[in-house]
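*Asks:* Here you go, query39.cif (mmCIF, C-alpha atoms):
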data_input
#
loop_
_atom_site.label_atom_id
_atom_site.label_comp_id
_atom_site.auth_asym_id
_atom_site.auth_seq_id
_atom_site.Cartn_x
_atom_site.Cartn_y
_atom_site.Cartn_z
CA MET A 1 0.00 0.00 0.00
CA ALA A 2 1.50 3.34 -0.98
CA VAL A 3 1.53 6.00 1.73
CA ALA A 4 -0.11 8.57 -0.54
CA ALA A 5 -3.04 6.23 -1.21
CA ALA A 6 -3.28 5.32 2.47
CA SER A 7 -3.14 8.99 3.48
CA TYR A 8 -5.92 9.83 1.09
CA GLU A 9 -8.10 6.92 2.24
CA ILE A 10 -7.48 7.70 5.89
CA ALA A 11 -8.10 11.43 5.39
CA THR A 12 -11.39 10.74 3.62
CA ALA A 13 -12.52 8.23 6.25
CA LEU A 14 -11.66 10.57 9.13
CA GLU A 15 -13.50 13.47 7.49
CA ASN A 16 -16.53 11.23 6.96
CA GLN A 17 -16.46 10.42 10.69
CA SER A 18 -16.37 14.18 11.51
CA HIS A 19 -12.95 14.11 13.16
CA LYS A 20 -11.08 17.39 13.50
CA VAL A 21 -7.71 16.59 12.03
CA ARG A 22 -4.98 18.42 10.15
CA TYR A 23 -2.91 17.00 7.37
CA SER A 24 0.57 18.36 7.27
CA ASP A 25 2.69 17.83 4.21
CA SER A 26 4.87 20.76 5.29
CA VAL A 27 5.92 18.86 8.43
CA GLU A 28 6.25 15.49 6.73
CA ASN A 29 4.36 13.95 3.85
CA GLY A 30 1.85 11.51 5.31
CA SER A 31 1.39 13.29 8.66
CA ILE A 32 -2.01 13.37 10.30
CA ILE A 33 -2.53 15.46 13.43
CA PHE A 34 -5.54 15.23 15.73
CA SER A 35 -5.80 18.83 16.92
CA LEU A 36 -8.05 18.24 19.95
CA SER A 37 -5.87 15.57 21.51
CA GLY A 38 -2.49 16.75 20.23
CA VAL A 39 -1.65 13.35 18.78
CA ALA A 40 0.33 13.11 15.54
CA PHE A 41 0.68 10.12 13.25
CA LEU A 42 3.27 9.59 10.52
CA LEU A 43 2.16 7.06 7.91
CA MET A 44 4.93 4.96 6.36
CA ASP A 45 4.92 1.87 4.18
CA ALA A 46 7.40 -0.83 5.18
CA GLU A 47 8.09 -1.68 1.52
CA VAL A 48 9.01 1.94 0.77
CA CYS A 49 11.40 1.89 3.75
CA PHE A 50 13.09 -1.24 2.38
CA MET A 51 13.54 0.37 -1.03
CA SER A 52 14.94 3.67 0.26
CA ALA A 53 18.15 4.39 2.12
CA GLU A 54 17.84 3.98 5.88
CA GLU A 55 19.14 7.50 6.49
CA ILE A 56 16.27 8.98 4.45
CA PHE A 57 13.36 7.45 6.35
CA LEU A 58 15.14 7.84 9.70
CA ALA A 59 15.65 11.55 8.96
CA LYS A 60 11.95 11.85 8.13
CA ILE A 61 11.00 10.18 11.44
CA LYS A 62 13.47 12.35 13.37
CA LYS A 63 12.04 15.56 11.90
CA PHE A 64 8.52 14.36 12.73
CA ILE A 65 9.23 13.50 16.39
CA ASN A 66 11.16 16.75 16.90
CA ILE A 67 8.03 18.68 15.96
CA HIS A 68 5.37 16.53 17.65
CA GLN A 69 5.50 15.70 21.34
CA ASN A 70 2.93 12.89 21.18
CA SER A 71 3.98 11.01 18.04
CA PHE A 72 3.18 7.66 16.51
CA LEU A 73 4.70 5.96 13.49
CA VAL A 74 2.01 3.97 11.64
CA LEU A 75 3.95 1.32 9.73
CA PHE A 76 1.93 -0.36 6.98
CA ALA A 77 2.71 -3.92 5.87
CA ALA A 78 0.38 -6.58 4.52
CA LEU A 79 2.27 -9.09 6.64
CA HIS A 80 4.59 -8.29 9.52
CA GLY A 81 7.21 -10.98 9.04
CA PRO A 82 10.83 -11.14 10.21
CA LYS A 83 11.93 -8.43 7.77
CA GLU A 84 9.29 -5.97 9.03
CA TRP A 85 9.99 -6.75 12.69
CA LYS A 86 13.71 -6.13 12.10
CA LEU A 87 12.82 -2.78 10.55
CA MET A 88 10.70 -1.85 13.58
CA PHE A 89 13.51 -2.97 15.89
CA ARG A 90 16.03 -0.77 14.04
CA ILE A 91 13.67 2.21 14.29
CA GLN A 92 13.07 1.54 18.00
CA GLN A 93 16.81 1.26 18.64
CA ARG A 94 17.50 4.50 16.81
CA PHE A 95 14.80 6.45 18.68
CA LEU A 96 15.09 4.74 22.05
CA GLY A 97 14.17 7.22 24.77
CA SER A 98 12.23 9.46 22.40
CA ASN A 99 8.51 10.10 22.32
CA LEU A 100 7.96 7.82 19.28
CA ARG A 101 5.67 4.82 19.44
CA ILE A 102 5.35 2.41 16.52
CA LEU A 103 2.01 1.01 15.41
CA PRO A 104 2.29 -1.94 13.00
CA VAL A 105 -0.86 -2.00 10.85
CA HIS A 106 -2.04 -4.19 7.98
CA ASN A 107 -4.57 -2.00 6.22
CA THR A 108 -6.37 1.35 6.22
CA ALA A 109 -9.27 0.17 8.40
CA ASN A 110 -6.82 -1.13 11.01
CA ALA A 111 -4.90 2.17 10.94
CA ILE A 112 -8.04 4.31 11.28
CA ASN A 113 -9.31 2.24 14.19
CA LEU A 114 -6.00 2.53 16.09
CA MET A 115 -5.58 6.23 15.33
CA CYS A 116 -9.13 7.10 16.44
CA THR A 117 -8.83 5.04 19.62
CA ILE A 118 -5.54 6.72 20.56
CA ALA A 119 -6.82 10.21 19.73
CA LYS A 120 -10.03 9.61 21.68
CA THR A 121 -8.29 8.34 24.79
CA SER A 122 -5.75 11.19 24.62
CA SER A 123 -8.35 13.96 24.58
CA LYS A 124 -8.94 16.02 27.74
CA PRO A 125 -12.42 14.73 28.76
CA TYR A 126 -11.36 11.09 28.41
CA ILE A 127 -8.08 11.60 30.25
CA ASP A 128 -9.94 13.23 33.15
CA SER A 129 -12.43 10.35 33.21
CA ILE A 130 -9.67 7.74 33.09
CA CYS A 131 -7.75 9.50 35.90
CA TYR A 132 -10.88 9.62 38.05
CA ARG A 133 -11.54 5.92 37.45
CA MET A 134 -7.93 5.04 38.30
CA ILE A 135 -8.08 7.02 41.56
CA THR A 136 -11.40 5.40 42.47
CA ALA A 137 -10.07 1.91 41.67
CA LYS A 138 -6.91 2.55 43.69
CA ALA A 139 -8.95 3.74 46.69
CA TYR A 140 -11.22 0.69 46.44
CA ILE A 141 -8.26 -1.71 46.22
CA ILE A 142 -6.59 -0.10 49.24
CA GLU A 143 -9.85 -0.16 51.22
CA GLN A 144 -10.48 -3.83 50.48
CA SER A 145 -6.87 -4.95 50.85
CA PRO A 146 -6.23 -7.55 53.58
CA VAL A 147 -2.77 -6.03 54.01
CA TRP A 148 -4.28 -2.61 54.66
CA LYS A 149 -6.73 -4.11 57.18
CA THR A 150 -3.88 -5.91 58.94
CA LEU A 151 -1.83 -2.71 59.10
CA GLN A 152 -4.81 -0.86 60.57
CA LYS A 153 -5.23 -3.58 63.22
CA ILE A 154 -1.51 -3.44 64.07
CA LYS A 155 -1.71 0.34 64.37
CA LEU A 156 -4.78 0.10 66.61
CA ASN A 157 -3.06 -2.51 68.76
CA SER A 158 0.11 -0.42 69.06
CA ASP A 159 -1.95 2.67 69.93
CA SER A 160 -3.67 0.81 72.79
CA VAL A 161 -0.32 -0.46 74.15
CA ASN A 162 1.50 2.87 73.74
CA PRO A 163 -1.02 5.72 74.31
CA ASN A 164 1.43 8.58 73.45
#
Could you write out this file's structure as structure tokens?

*Replies:*
Amino acid sequence: MAVAAASYEIATALENQSHKVRYSDSVENGSIIFSLSGVAFLLMDAEVCFMSAEEIFLAKIKKFINIHQNSFLVLFAALHGPKEWKLMFRIQQRFLGSNLRILPVHNTANAINLMCTIAKTSSKPYIDSICYRMITAKAYIIEQSPVWKTLQKIKLNSDSVNPN
């Protein structure tokens, strides 16, 4: 799948779903930015990477992650075999410690689903909701924990022995 065709299909599908996205060829060809969540995706075809010099596609990725704080590389391949996994490993090694995450995808529908899920969960209302749920779950776990109950009993017992 060529990146230009994938970009066009993805752009059309996202517009049909009423997503607010920007397409930035000035940043990097094949970039899609979800404005509301601040998530950026760079679409690349594994076959194109194999045919081009490694320095070229690594420079493209570097430029992309230097501009976007929350960045994802969407790597298209019909099949992710040993060759594709080695490519992803080389990219991960090169950008270890950076803000880049790699999403291996097989087709446009797969890419759109992942991109929308990530953008949705990265938006402010969802993050607030997730944080609230995490805090509530943590409080519930602590409340129901046998260890916590034992510690409370020990503290009560030590308070009755040592009334300072």

*Asks:* If you measure from atom CA of A:Thr121 to atom CA of A:Ile135, what distance in Å do you get, rounded to one decimal?

*Replies:*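 Computing it gives 16.8 Å between the two atoms.
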
*Asks:* In Å to one decimal, how far is atom CA of A:Asn70 from atom CA of A:Ser122?

*Replies:*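 Calculated distance between atom CA of A:Ser122 and atom CA of A:Asn70 is 9.5 Å.
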
*Asks:* A:Ile118, A:Cys131, A:Leu73, A:Ile10: which is nearest A:Ser37, counting all atoms listed in the file?

*Replies:*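 For A:Ser37, the nearest of the candidates is A:Ile118.
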
*Asks:* I'd like the residues picked by the PyMOL selection byres ((chain A and resi 40) around 7) written out as number ranges by chain, using the chain letters and numbers from the file.

*Replies:* A: 31-34, 38-39, 41-42, 68, 70-72

*Asks:* Identify which of the residues A:Arg133, A:Gly81, A:Tyr140, A:Ile61 lies closest to A:Arg101, counting all atoms listed in the file when measuring atom-to-atom distances.

*Replies:* A:Ile61

*Asks:* Can you tell me which residues surround A:Asn113 at a distance of at most 12 Å, considering all atoms listed in the file, apart from same-chain residues fewer than 3 positions away, and format the answer as a ChimeraX atom specification?

*Replies:* /A:10,13-14,17,74,103,105-110,116-120

*Asks:* Could you jot down the atom CA of A:Cys49 to atom CA of A:Ser35 separation for me, Å, one decimal place?

*Replies:*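 Separation between atom CA of A:Cys49 and atom CA of A:Ser35: 27.5 Å.
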
*Asks:* Hey, which of A:Ala46, A:Lys138, A:Ala111, A:Leu151 ends up closest to A:Glu84? Count only C-alpha atoms.

*Replies:* A:Ala46

*Asks:* When you count all atoms listed in the file, which of these residues is closest to A:Leu87: A:Ile65, A:Ile102, A:Ala137, A:Met115?

*Replies:*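 Once distances to A:Leu87 are computed over all atoms listed in the file, the minimum belongs to A:Ile102.
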
*Asks:* Can you work out which one of A:Leu58, A:Met51, A:Leu114, A:Leu43 has the shortest atom-to-atom distance to A:Gln92, counting only C-alpha atoms?

*Replies:*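 Of all the options, A:Leu58 lies closest to A:Gln92.
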
*Asks:* Please rebuild stretch 27-40 of chain A with N, CA and C atoms and return the result as a JSON list (two decimals), in the frame of the given file.

*Replies:*
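Once written, selection-v5.json looks like this:
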[["chain", "number", "residue", "atom", "x", "y", "z"],
["A", 27, "VAL", "N", 5.14, 19.51, 7.37],
["A", 27, "VAL", "CA", 5.92, 18.86, 8.43],
["A", 27, "VAL", "C", 6.58, 17.63, 7.83],
["A", 28, "GLU", "N", 5.79, 16.69, 7.42],
["A", 28, "GLU", "CA", 6.25, 15.49, 6.73],
["A", 28, "GLU", "C", 5.11, 14.96, 5.90],
["A", 29, "ASN", "N", 5.38, 14.54, 4.71],
["A", 29, "ASN", "CA", 4.36, 13.95, 3.85],
["A", 29, "ASN", "C", 3.79, 12.72, 4.55],
["A", 30, "GLY", "N", 2.48, 12.64, 4.64],
["A", 30, "GLY", "CA", 1.85, 11.51, 5.31],
["A", 30, "GLY", "C", 1.59, 11.74, 6.78],
["A", 31, "SER", "N", 1.67, 12.98, 7.26],
["A", 31, "SER", "CA", 1.39, 13.29, 8.66],
["A", 31, "SER", "C", -0.08, 13.60, 8.85],
["A", 32, "ILE", "N", -0.64, 13.06, 9.92],
["A", 32, "ILE", "CA", -2.01, 13.37, 10.30],
["A", 32, "ILE", "C", -1.98, 13.76, 11.77],
["A", 33, "ILE", "N", -2.55, 14.94, 12.07],
["A", 33, "ILE", "CA", -2.53, 15.46, 13.43],
["A", 33, "ILE", "C", -3.96, 15.62, 13.93],
["A", 34, "PHE", "N", -4.24, 15.04, 15.08],
["A", 34, "PHE", "CA", -5.54, 15.23, 15.73],
["A", 34, "PHE", "C", -5.40, 16.43, 16.64],
["A", 35, "SER", "N", -5.98, 17.55, 16.23],
["A", 35, "SER", "CA", -5.80, 18.83, 16.92],
["A", 35, "SER", "C", -6.29, 18.79, 18.37],
["A", 36, "LEU", "N", -7.45, 18.20, 18.61],
["A", 36, "LEU", "CA", -8.05, 18.24, 19.95],
["A", 36, "LEU", "C", -7.26, 17.46, 20.98],
["A", 37, "SER", "N", -6.61, 16.38, 20.54],
["A", 37, "SER", "CA", -5.87, 15.57, 21.51],
["A", 37, "SER", "C", -4.36, 15.79, 21.41],
["A", 38, "GLY", "N", -3.91, 16.49, 20.39],
["A", 38, "GLY", "CA", -2.49, 16.75, 20.23],
["A", 38, "GLY", "C", -1.68, 15.54, 19.84],
["A", 39, "VAL", "N", -2.32, 14.57, 19.19],
["A", 39, "VAL", "CA", -1.65, 13.35, 18.78],
["A", 39, "VAL", "C", -1.32, 13.45, 17.29],
["A", 40, "ALA", "N", -0.10, 13.06, 16.94],
["A", 40, "ALA", "CA", 0.33, 13.11, 15.54],
["A", 40, "ALA", "C", 0.75, 11.72, 15.07]]
